[in-house]
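Structure below is coords19.txt: compact mmCIF, C-alpha atoms and all ligand atoms.
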# COMPACT_ATOMS: atom_id res chain seq x y z
CA MET M 1 0.00 0.00 0.00
CA ALA M 2 1.19 3.44 -0.83
CA GLU M 3 2.28 5.77 1.90
CA HIS M 4 -0.45 8.12 0.75
CA ASP M 5 -3.16 5.58 1.68
CA LEU M 6 -1.81 5.24 5.22
CA HIS M 7 -1.89 9.01 5.64
CA GLU M 8 -5.40 9.16 4.24
CA THR M 9 -6.71 6.42 6.55
CA ALA M 10 -5.08 8.06 9.58
CA ARG M 11 -6.67 11.39 8.67
CA ALA M 12 -10.07 9.79 8.02
CA LEU M 13 -10.02 8.30 11.52
CA VAL M 14 -9.79 11.81 12.96
CA ALA M 15 -12.18 13.46 10.49
CA GLU M 16 -14.07 16.50 11.75
CA GLY M 17 -16.52 15.71 14.52
CA LYS M 18 -15.64 12.01 14.57
CA GLY M 19 -13.79 9.58 16.80
CA ILE M 20 -13.18 5.88 17.37
CA LEU M 21 -15.16 3.28 19.31
CA ALA M 22 -12.87 0.82 21.11
CA ALA M 23 -14.90 -2.41 21.13
CA ASP M 24 -11.86 -4.67 21.29
CA GLU M 25 -12.24 -6.00 24.83
CA SER M 26 -10.37 -9.28 25.17
CA SER M 27 -12.31 -12.35 26.37
CA GLY M 28 -11.25 -11.63 29.96
CA THR M 29 -12.21 -7.95 29.86
CA ILE M 30 -15.61 -8.43 28.21
CA LYS M 31 -16.38 -11.08 30.84
CA LYS M 32 -15.70 -8.47 33.54
CA ARG M 33 -18.00 -5.99 31.77
CA PHE M 34 -20.75 -8.61 31.41
CA ASP M 35 -20.33 -9.70 35.05
CA SER M 36 -21.12 -6.10 36.04
CA ILE M 37 -24.59 -6.41 34.43
CA GLY M 38 -25.14 -10.08 35.36
CA VAL M 39 -24.84 -11.45 31.82
CA GLU M 40 -22.95 -14.63 31.03
CA SER M 41 -20.15 -14.11 28.51
CA THR M 42 -20.64 -16.57 25.65
CA GLU M 43 -19.74 -16.30 21.99
CA GLU M 44 -23.42 -15.52 21.28
CA THR M 45 -23.90 -12.85 24.00
CA ARG M 46 -20.68 -11.17 22.90
CA ARG M 47 -21.89 -11.25 19.30
CA ALA M 48 -25.32 -9.87 20.25
CA TYR M 49 -23.78 -7.01 22.22
CA ARG M 50 -21.40 -6.02 19.44
CA ASP M 51 -24.31 -6.29 17.00
CA LEU M 52 -26.22 -3.76 19.11
CA LEU M 53 -23.34 -1.29 18.92
CA PHE M 54 -22.49 -1.77 15.25
CA THR M 55 -26.08 -1.60 13.95
CA THR M 56 -26.91 1.63 15.81
CA ALA M 57 -28.50 3.84 13.15
CA GLY M 58 -26.74 7.15 12.66
CA ALA M 59 -23.69 6.37 14.83
CA GLU M 60 -21.58 6.87 11.70
CA GLU M 61 -22.21 10.63 12.01
CA PHE M 62 -19.87 10.59 15.02
CA ILE M 63 -17.83 7.40 14.69
CA SER M 64 -15.04 7.08 12.13
CA GLY M 65 -13.68 3.67 13.10
CA VAL M 66 -14.23 0.70 15.40
CA ILE M 67 -11.49 -1.41 16.99
CA LEU M 68 -12.44 -5.09 16.96
CA PHE M 69 -11.12 -8.13 18.85
CA ASP M 70 -9.91 -11.27 17.04
CA GLU M 71 -13.17 -13.11 17.74
CA THR M 72 -15.34 -10.14 16.66
CA ILE M 73 -13.65 -9.52 13.31
CA ARG M 74 -14.70 -13.08 12.38
CA GLN M 75 -18.31 -12.74 13.60
CA GLN M 76 -21.41 -11.66 11.71
CA ALA M 77 -24.41 -9.43 12.23
CA LEU M 78 -27.80 -11.12 12.66
CA ASP M 79 -28.44 -10.85 8.91
CA GLY M 80 -25.21 -12.75 8.18
CA THR M 81 -23.07 -9.78 7.13
CA PRO M 82 -19.53 -10.06 8.55
CA PHE M 83 -18.97 -7.23 11.05
CA PRO M 84 -16.10 -5.60 9.11
CA GLN M 85 -18.27 -5.40 5.97
CA LEU M 86 -21.23 -4.08 7.94
CA LEU M 87 -19.06 -1.27 9.35
CA GLU M 88 -17.52 -0.49 5.93
CA SER M 89 -21.00 -0.22 4.42
CA LYS M 90 -21.74 2.59 6.90
CA GLY M 91 -18.48 4.37 6.12
CA ILE M 92 -16.90 3.22 9.41
CA ILE M 93 -13.33 1.93 9.18
CA PRO M 94 -12.72 -1.49 10.79
CA GLY M 95 -9.65 -1.88 13.00
CA ILE M 96 -8.16 -4.70 15.06
CA LYS M 97 -6.40 -5.11 18.40
CA VAL M 98 -3.25 -7.12 17.70
CA ASP M 99 -1.35 -7.09 20.98
CA GLN M 100 -1.63 -10.15 23.18
CA GLY M 101 -1.75 -8.36 26.48
CA ALA M 102 0.53 -6.87 29.11
CA LYS M 103 2.59 -9.62 30.81
CA PRO M 104 4.96 -9.39 33.81
CA LEU M 105 8.27 -7.83 32.75
CA ALA M 106 11.13 -10.11 33.80
CA LEU M 107 13.21 -8.86 36.75
CA ALA M 108 10.93 -5.82 37.15
CA ASP M 109 8.55 -6.33 40.01
CA GLY M 110 5.13 -4.75 39.37
CA GLU M 111 5.83 -3.77 35.76
CA THR M 112 4.62 -5.20 32.46
CA VAL M 113 5.67 -5.55 28.86
CA THR M 114 3.14 -6.07 26.10
CA GLU M 115 3.53 -9.26 24.08
CA GLY M 116 2.38 -10.25 20.59
CA LEU M 117 5.26 -9.63 18.16
CA ASP M 118 5.86 -13.29 17.28
CA GLY M 119 3.97 -14.14 14.10
CA LEU M 120 2.61 -10.60 13.88
CA ARG M 121 3.52 -10.15 10.19
CA GLU M 122 1.36 -13.17 9.28
CA ARG M 123 -1.50 -12.12 11.57
CA LEU M 124 -1.54 -8.62 10.07
CA ALA M 125 -1.79 -10.09 6.56
CA GLU M 126 -4.76 -12.18 7.66
CA TYR M 127 -6.49 -9.23 9.38
CA ARG M 128 -5.93 -7.08 6.27
CA GLY M 129 -7.71 -9.80 4.30
CA LEU M 130 -10.60 -9.73 6.78
CA GLY M 131 -10.98 -5.97 6.23
CA ALA M 132 -8.89 -4.31 8.97
CA ARG M 133 -7.33 -1.00 7.91
CA PHE M 134 -5.88 0.05 11.23
CA ALA M 135 -4.62 -1.68 14.36
CA LYS M 136 -3.99 -1.08 18.04
CA TRP M 137 -1.25 -2.12 20.50
CA ARG M 138 -1.48 -1.10 24.15
CA ALA M 139 1.38 -0.86 26.63
CA THR M 140 0.76 0.00 30.27
CA TYR M 141 2.86 1.78 32.89
CA SER M 142 2.10 2.07 36.61
CA ILE M 143 3.01 5.10 38.65
CA SER M 144 4.52 4.81 42.14
CA ASP M 145 7.34 6.72 43.81
CA ALA M 146 9.86 4.53 41.97
CA LEU M 147 7.92 3.40 38.87
CA PRO M 148 7.87 3.28 35.94
CA SER M 149 11.49 2.26 35.44
CA GLU M 150 13.49 3.30 32.37
CA TYR M 151 13.70 -0.44 31.63
CA CYS M 152 9.89 -0.70 31.40
CA ILE M 153 9.54 2.53 29.41
CA TRP M 154 12.14 1.63 26.78
CA THR M 155 11.21 -2.04 26.45
CA ASN M 156 7.61 -1.13 25.73
CA ALA M 157 8.61 1.70 23.38
CA HIS M 158 10.77 -0.72 21.41
CA ALA M 159 7.90 -3.20 21.09
CA LEU M 160 5.40 -0.47 20.13
CA ALA M 161 7.73 0.65 17.34
CA ARG M 162 8.31 -2.91 16.08
CA TYR M 163 4.55 -3.35 15.93
CA ALA M 164 4.08 0.00 14.16
CA ALA M 165 6.71 -0.77 11.52
CA LEU M 166 5.12 -4.17 10.80
CA CYS M 167 1.70 -2.51 10.46
CA GLN M 168 2.94 0.04 7.96
CA GLU M 169 4.67 -2.68 5.95
CA ALA M 170 1.28 -4.44 5.80
CA GLY M 171 -0.61 -1.28 4.76
CA ILE M 172 -2.30 -0.93 8.14
CA VAL M 173 -2.31 2.30 10.18
CA PRO M 174 -0.86 1.60 13.64
CA ILE M 175 -2.46 3.24 16.65
CA VAL M 176 0.25 3.34 19.30
CA GLU M 177 -1.20 3.23 22.80
CA PRO M 178 1.11 3.92 25.71
CA GLU M 179 -1.24 4.04 28.72
CA VAL M 180 0.09 5.51 31.93
CA LEU M 181 -2.35 4.08 34.45
CA MET M 182 -4.00 6.52 36.81
CA ASP M 183 -4.34 4.19 39.79
CA GLY M 184 -2.63 5.58 42.86
CA THR M 185 -2.35 8.71 44.94
CA HIS M 186 0.10 10.65 42.76
CA THR M 187 -0.27 14.29 41.82
CA ILE M 188 -1.08 15.56 38.34
CA GLU M 189 2.49 16.94 38.10
CA ARG M 190 3.83 13.42 38.59
CA ALA M 191 1.48 12.08 35.86
CA TYR M 192 2.71 14.89 33.59
CA HIS M 193 6.34 13.98 34.18
CA VAL M 194 5.83 10.24 33.67
CA THR M 195 3.67 10.69 30.55
CA GLY M 196 6.39 12.92 29.08
CA ARG M 197 9.11 10.30 29.68
CA VAL M 198 6.94 7.62 28.09
CA LEU M 199 6.19 9.74 25.00
CA ASN M 200 9.83 10.75 24.62
CA ALA M 201 10.90 7.09 24.48
CA LEU M 202 8.05 6.18 22.14
CA TYR M 203 8.86 8.81 19.50
CA THR M 204 12.58 8.09 19.74
CA GLU M 205 11.92 4.41 18.94
CA LEU M 206 9.37 5.18 16.22
CA PHE M 207 11.88 7.38 14.38
CA ASP M 208 14.74 4.93 14.91
CA GLN M 209 12.62 2.11 13.49
CA ARG M 210 11.70 4.20 10.40
CA VAL M 211 8.01 4.51 11.18
CA ASP M 212 6.32 7.30 9.23
CA VAL M 213 4.47 9.12 11.99
CA GLU M 214 2.13 10.78 9.49
CA GLY M 215 0.63 7.34 8.99
CA THR M 216 0.06 6.67 12.71
CA LEU M 217 -2.23 7.86 15.49
CA LEU M 218 -1.35 8.23 19.17
CA LYS M 219 -3.74 6.82 21.77
CA PRO M 220 -2.59 8.12 25.14
CA ASN M 221 -3.92 8.66 28.63
CA MET M 222 -4.93 12.16 29.60
CA VAL M 223 -2.75 13.70 32.30
CA LEU M 224 -4.81 13.29 35.49
CA SER M 225 -4.29 13.14 39.24
CA GLY M 226 -4.13 9.60 40.62
CA TYR M 227 -7.63 8.22 41.15
CA GLU M 228 -6.97 7.84 44.89
CA ALA M 229 -5.29 11.25 45.31
CA SER M 230 -6.81 13.39 48.04
CA ASP M 231 -6.96 16.59 46.01
CA ARG M 232 -7.76 15.81 42.39
CA ALA M 233 -7.22 18.30 39.56
CA GLY M 234 -10.31 19.75 37.89
CA THR M 235 -11.18 20.00 34.20
CA ASP M 236 -9.15 23.13 33.38
CA GLU M 237 -6.02 21.80 35.05
CA VAL M 238 -6.37 18.46 33.27
CA ALA M 239 -6.67 20.23 29.92
CA ASP M 240 -3.69 22.50 30.60
CA TRP M 241 -1.31 19.80 31.88
CA THR M 242 -2.29 17.39 29.12
CA LEU M 243 -1.82 19.95 26.34
CA ARG M 244 1.50 21.10 27.78
CA CYS M 245 2.75 17.52 27.83
CA PHE M 246 1.71 16.75 24.24
CA ALA M 247 2.99 20.06 22.88
CA LYS M 248 6.44 19.11 24.19
CA HIS M 249 6.54 15.47 23.15
CA VAL M 250 4.29 14.73 20.17
CA PRO M 251 5.52 15.73 16.69
CA ALA M 252 3.21 18.07 14.77
CA ALA M 253 3.33 15.57 11.88
CA VAL M 254 1.19 13.12 13.88
CA PRO M 255 -2.32 13.62 12.41
CA GLY M 256 -4.27 12.86 15.55
CA ILE M 257 -4.27 12.10 19.24
CA VAL M 258 -7.17 9.81 20.13
CA PHE M 259 -7.48 9.60 23.89
CA LEU M 260 -8.44 6.49 25.85
CA SER M 261 -10.87 7.01 28.71
CA GLY M 262 -8.97 4.83 31.19
CA GLY M 263 -11.60 4.56 33.89
CA GLN M 264 -12.78 8.20 33.92
CA SER M 265 -16.53 8.60 34.16
CA ASP M 266 -18.12 8.99 30.73
CA GLU M 267 -19.04 12.61 31.36
CA ASP M 268 -15.56 13.50 32.69
CA ALA M 269 -13.95 11.96 29.60
CA THR M 270 -16.19 14.12 27.40
CA ALA M 271 -15.66 17.30 29.44
CA HIS M 272 -11.86 16.89 29.43
CA LEU M 273 -11.72 16.40 25.66
CA ASN M 274 -14.01 19.37 25.20
CA ALA M 275 -11.84 21.65 27.36
CA MET M 276 -8.77 20.72 25.31
CA ASN M 277 -10.48 21.40 22.00
CA ALA M 278 -11.88 24.68 23.31
CA ARG M 279 -8.22 25.76 23.72
CA GLY M 280 -7.43 25.02 20.04
CA PRO M 281 -6.34 25.10 17.32
CA HIS M 282 -3.65 22.48 17.93
CA PRO M 283 -1.09 20.92 15.57
CA TRP M 284 -2.94 17.58 15.71
CA GLN M 285 -6.63 16.65 15.79
CA LEU M 286 -7.66 15.85 19.37
CA SER M 287 -10.22 13.09 19.40
CA PHE M 288 -11.42 10.02 21.28
CA SER M 289 -10.94 6.28 21.10
CA TYR M 290 -13.02 5.40 24.12
CA GLY M 291 -14.05 1.99 25.34
CA ARG M 292 -15.77 2.35 28.68
CA ALA M 293 -16.70 6.04 28.26
CA LEU M 294 -18.66 5.27 25.08
CA GLN M 295 -20.14 1.97 26.17
CA ALA M 296 -20.92 2.08 29.90
CA PRO M 297 -24.46 3.51 29.66
CA ALA M 298 -25.30 1.30 26.67
CA LEU M 299 -24.15 -1.84 28.44
CA LYS M 300 -26.26 -0.96 31.46
CA ALA M 301 -29.37 -0.09 29.41
CA TRP M 302 -29.09 -3.36 27.47
CA GLY M 303 -28.51 -5.68 30.43
CA GLY M 304 -28.45 -8.67 28.10
CA GLU M 305 -32.15 -8.45 27.17
CA ALA M 306 -33.28 -8.46 23.54
CA GLU M 307 -36.11 -6.06 24.32
CA ASN M 308 -33.56 -3.48 25.56
CA VAL M 309 -31.51 -3.33 22.36
CA GLU M 310 -33.07 -0.05 21.31
CA ALA M 311 -32.47 1.53 24.72
CA GLY M 312 -28.84 0.41 24.53
CA GLN M 313 -28.50 1.89 21.07
CA ARG M 314 -29.98 5.21 22.21
CA ALA M 315 -27.48 5.37 25.07
CA TYR M 316 -24.53 4.62 22.76
CA TYR M 317 -25.74 7.12 20.14
CA HIS M 318 -26.05 9.79 22.82
CA ARG M 319 -22.50 9.31 24.15
CA ALA M 320 -21.11 9.29 20.62
CA LYS M 321 -22.94 12.54 19.93
CA MET M 322 -21.66 14.18 23.13
CA ASN M 323 -18.08 13.23 22.30
CA SER M 324 -18.53 14.52 18.77
CA ALA M 325 -19.53 17.88 20.28
CA ALA M 326 -16.36 17.73 22.41
CA ARG M 327 -14.30 17.52 19.20
CA THR M 328 -15.01 21.21 18.58
CA GLY M 329 -15.39 22.52 22.13
CA ALA M 330 -19.17 22.67 21.65
CA TYR M 331 -20.06 20.30 24.51
CA ALA M 332 -21.83 21.53 27.63
CA PRO M 333 -23.17 19.37 30.48
CA GLU M 334 -26.69 20.70 29.77
CA LEU M 335 -26.64 18.83 26.45
CA GLU M 336 -26.66 15.56 28.41
CA HIS M 337 -30.28 16.06 29.40
CA GLU M 338 -31.58 17.79 26.32
CA ALA M 339 -30.64 14.96 24.01
CA ALA M 340 -31.03 12.00 26.36
P1 LIG A 1 -11.03 2.75 27.75
O1 LIG A 1 -11.52 3.99 27.01
O2 LIG A 1 -12.11 2.01 28.46
O3 LIG A 1 -9.80 3.05 28.56
O4 LIG A 1 -10.58 1.73 26.61
C1 LIG A 1 -9.85 2.17 25.57
C2 LIG A 1 -8.95 1.11 25.11
O5 LIG A 1 -8.97 0.73 23.97
C3 LIG A 1 -7.97 0.56 26.06
O6 LIG A 1 -7.03 -0.19 25.39

Could you render the structure from this file as structure tokens?
Amino acid sequence: MAEHDLHETARALVAEGKGILAADESSGTIKKRFDSIGVESTEETRRAYRDLLFTTAGAEEFISGVILFDETIRQQALDGTPFPQLLESKGIIPGIKVDQGAKPLALADGETVTEGLDGLRERLAEYRGLGARFAKWRATYSISDALPSEYCIWTNAHALARYAALCQEAGIVPIVEPEVLMDGTHTIERAYHVTGRVLNALYTELFDQRVDVEGTLLKPNMVLSGYEASDRAGTDEVADWTLRCFAKHVPAAVPGIVFLSGGQSDEDATAHLNAMNARGPHPWQLSFSYGRALQAPALKAWGGEAENVEAGQRAYYHRAKMNSAARTGAYAPELEHEAA
């Protein structure tokens, strides 16, 4: 695939007013989500739930792409259409999670390295054949007084860049996802410092491994206070610290930054994105690639019951619409009630 196509796909994923739905929960994660609503996780319930999301009428006004899991990219809508084709027919770009999870990093107590490079070239070729045009790889970093170590930061950066290079070789846009976890009591300044170190290593490795950053997207955490911190930063501080961090560490050639929600409430995730866009223009598009913050109300409204599919779809459509408003700084909490 030509370089031009990678750039075009990356830009299409951050088209005006649009963002990405992360629906790529692994088998373990989706089971946790289903446990929270008392639904058994089976191949059929997982299929039915993804069907609800992907057949939501009008979601394509706000959603540019959907990240799928290995099982989901092979499943079909109720009418027999494979999910990737269903999404394509609505103008939504199908993507695929290709990492195989964060595993304990040897000789580094409490830290992880993301696995999945072995056989990745062959898997990418298969996913391309199934319709995937972009991919995702997530690395995680914990904050404590001593962590993350340079060892953890550079090992994960190296793997993220190897993944990204393989994606571009296969004609697939890599989303690189370094997630600094917000569990803990740390201050927002500490999250700013750690996120900066992580991004510095990531872009060093991406350049060294010849990745064309114009054909990538960054999926980072926002810079937040630790979730258990006593005095947590408010919306304006989050927007300011996050923008300051990205202005220092993310090349202007990167077409878009698509935030993860990382356990923020759905309305906080929307308000934070909105505050950042209200401070624009920025060198990159600032958008969303939310999992929980787009799905939580839909999952709850559905509750595993066929008769609640429409209610689930309304809840998903609403969150997608709110986050679309946050792409231009046009979101306000009052809109939550108006449109609900
Ligand atoms: P959350 O928005 O729920 O953090 O999920 C996004 C994601 O894809 C994590 O890898």

Q: May I ask you to write as a ChimeraX atom specification all residues lying at most 6 Å from ligand LIG 1 (chain A), with only C-alpha atoms and all ligand atoms counted?
A: /M:22,138,260-263,290-293

Long-range neighbours of Glu44 of chain M as a PDB file with C-alpha atoms, in the frame of the given file, 10 Å cut-off, all atoms listed in the file, 5 positions minimum in chain:
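Saved file part_27.pdb follows:
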ATOM      1  CA  TYR M  49     -23.780  -7.010  22.220  1.00  0.00           C
ATOM      2  CA  ARG M  50     -21.400  -6.020  19.440  1.00  0.00           C
ATOM      3  CA  GLN M  75     -18.310 -12.740  13.600  1.00  0.00           C
TER       4      GLN M  75
END

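Within the 8 Å cut-off around segment 304-309 of chain M, using only C-alpha atoms and omitting residues fewer than 3 positions from it on the same chain, the listed residues are M:Ile37, M:Val39, M:Thr45, M:Tyr49, M:Leu52, M:Ala301, M:Gly312, M:Gln313.
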
Q: Could you give me, as number ranges by chain, the residues that sit within 10 Å of (-13.8, -3.3, 26.0) in the file's coordinates, counting only C-alpha atoms?
A: M: 21-33, 67-69, 290-292, 294-296

Q: Might you pull out every residue within 10 Å of His282 of chain M, with only C-alpha atoms counted and same-chain residues fewer than 2 positions away left off, and present them as a ChimeraX atom specification?
A: /M:243,247,252,256,276-277,279-280,284-286

Q | Among listed residues M:Gly303, M:Thr235, M:Asp70, M:Met222, nearest Ser36 of chain M (using all atoms listed in the file) | A |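 Closest to Ser36 of chain M, using all atoms listed in the file: M:Gly303.
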
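Using only C-alpha atoms, the nearest neighbour of Asp35 of chain M within the list M:Leu224, M:Ala330, M:Leu53, M:Leu299 is M:Leu299.
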
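With only the atoms specified (only C-alpha atoms) counting, those residues at most 6 Å away from (-3.0, 17.6, 35.4) are Ile188, Val223, Leu224, Ala233, Glu237, Val238 and Trp241 of chain M.
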
Q. Suppose you want the space between atom CA of Arg162 of chain M and atom CA of Arg210 of chain M; what is it in Å?
A. 9.7 Å

Q | Pairwise distance for atom CA of Gly65 of chain M and atom CA of Arg314 of chain M, rounded to one decimal in Å | A |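 Computing the Euclidean distance for atom CA of Gly65 of chain M and atom CA of Arg314 of chain M yields 18.7 Å.
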
Quick one: 4 Å padding each side, axis-aligned, all listed atoms of segment 236-242 of chain M - centre and edge lengths in Å to one decimal, as JSON?
{"center_x": -5.2, "center_y": 20.3, "center_z": 32.1, "size_x": 15.8, "size_y": 13.7, "size_z": 13.9}

Q.
Using Å and a single decimal, report how far atom CA of Cys245 of chain M sits from atom CA of Arg190 of chain M.
A.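 Between atom CA of Arg190 of chain M and atom CA of Cys245 of chain M the gap is 11.6 Å.
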
Q. Of the candidates M:Pro251, M:Asp268, M:Arg47, M:Pro174, which one gets nearest to Gly80 of chain M if we count only C-alpha atoms?
A.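 Checking each of M:Pro251, M:Asp268, M:Arg47, M:Pro174 against Gly80 of chain M, counting only C-alpha atoms, the winner is M:Arg47.
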
Q | Residues near segment 93-104 of chain M, cut-off 7 Å, all atoms listed in the file, skip fewer than 3 positions along chain, as number ranges by chain | A | M: 24, 64-69, 84, 87-88, 111-116, 131-140

(Q) Taking 2 positions as the minimum chain separation for residues in the same chain, which residues sit within 10 Å of Arg11 of chain M when counting all atoms listed in the file? Answer as a ChimeraX atom specification. (A) /M:5-9,13-16,214-217,254-256,285

Q. Which one of M:Ala315, M:Leu107, M:Ala170, M:Leu206 sits closest to Trp154 of chain M if you count only C-alpha atoms?
A. M:Leu206
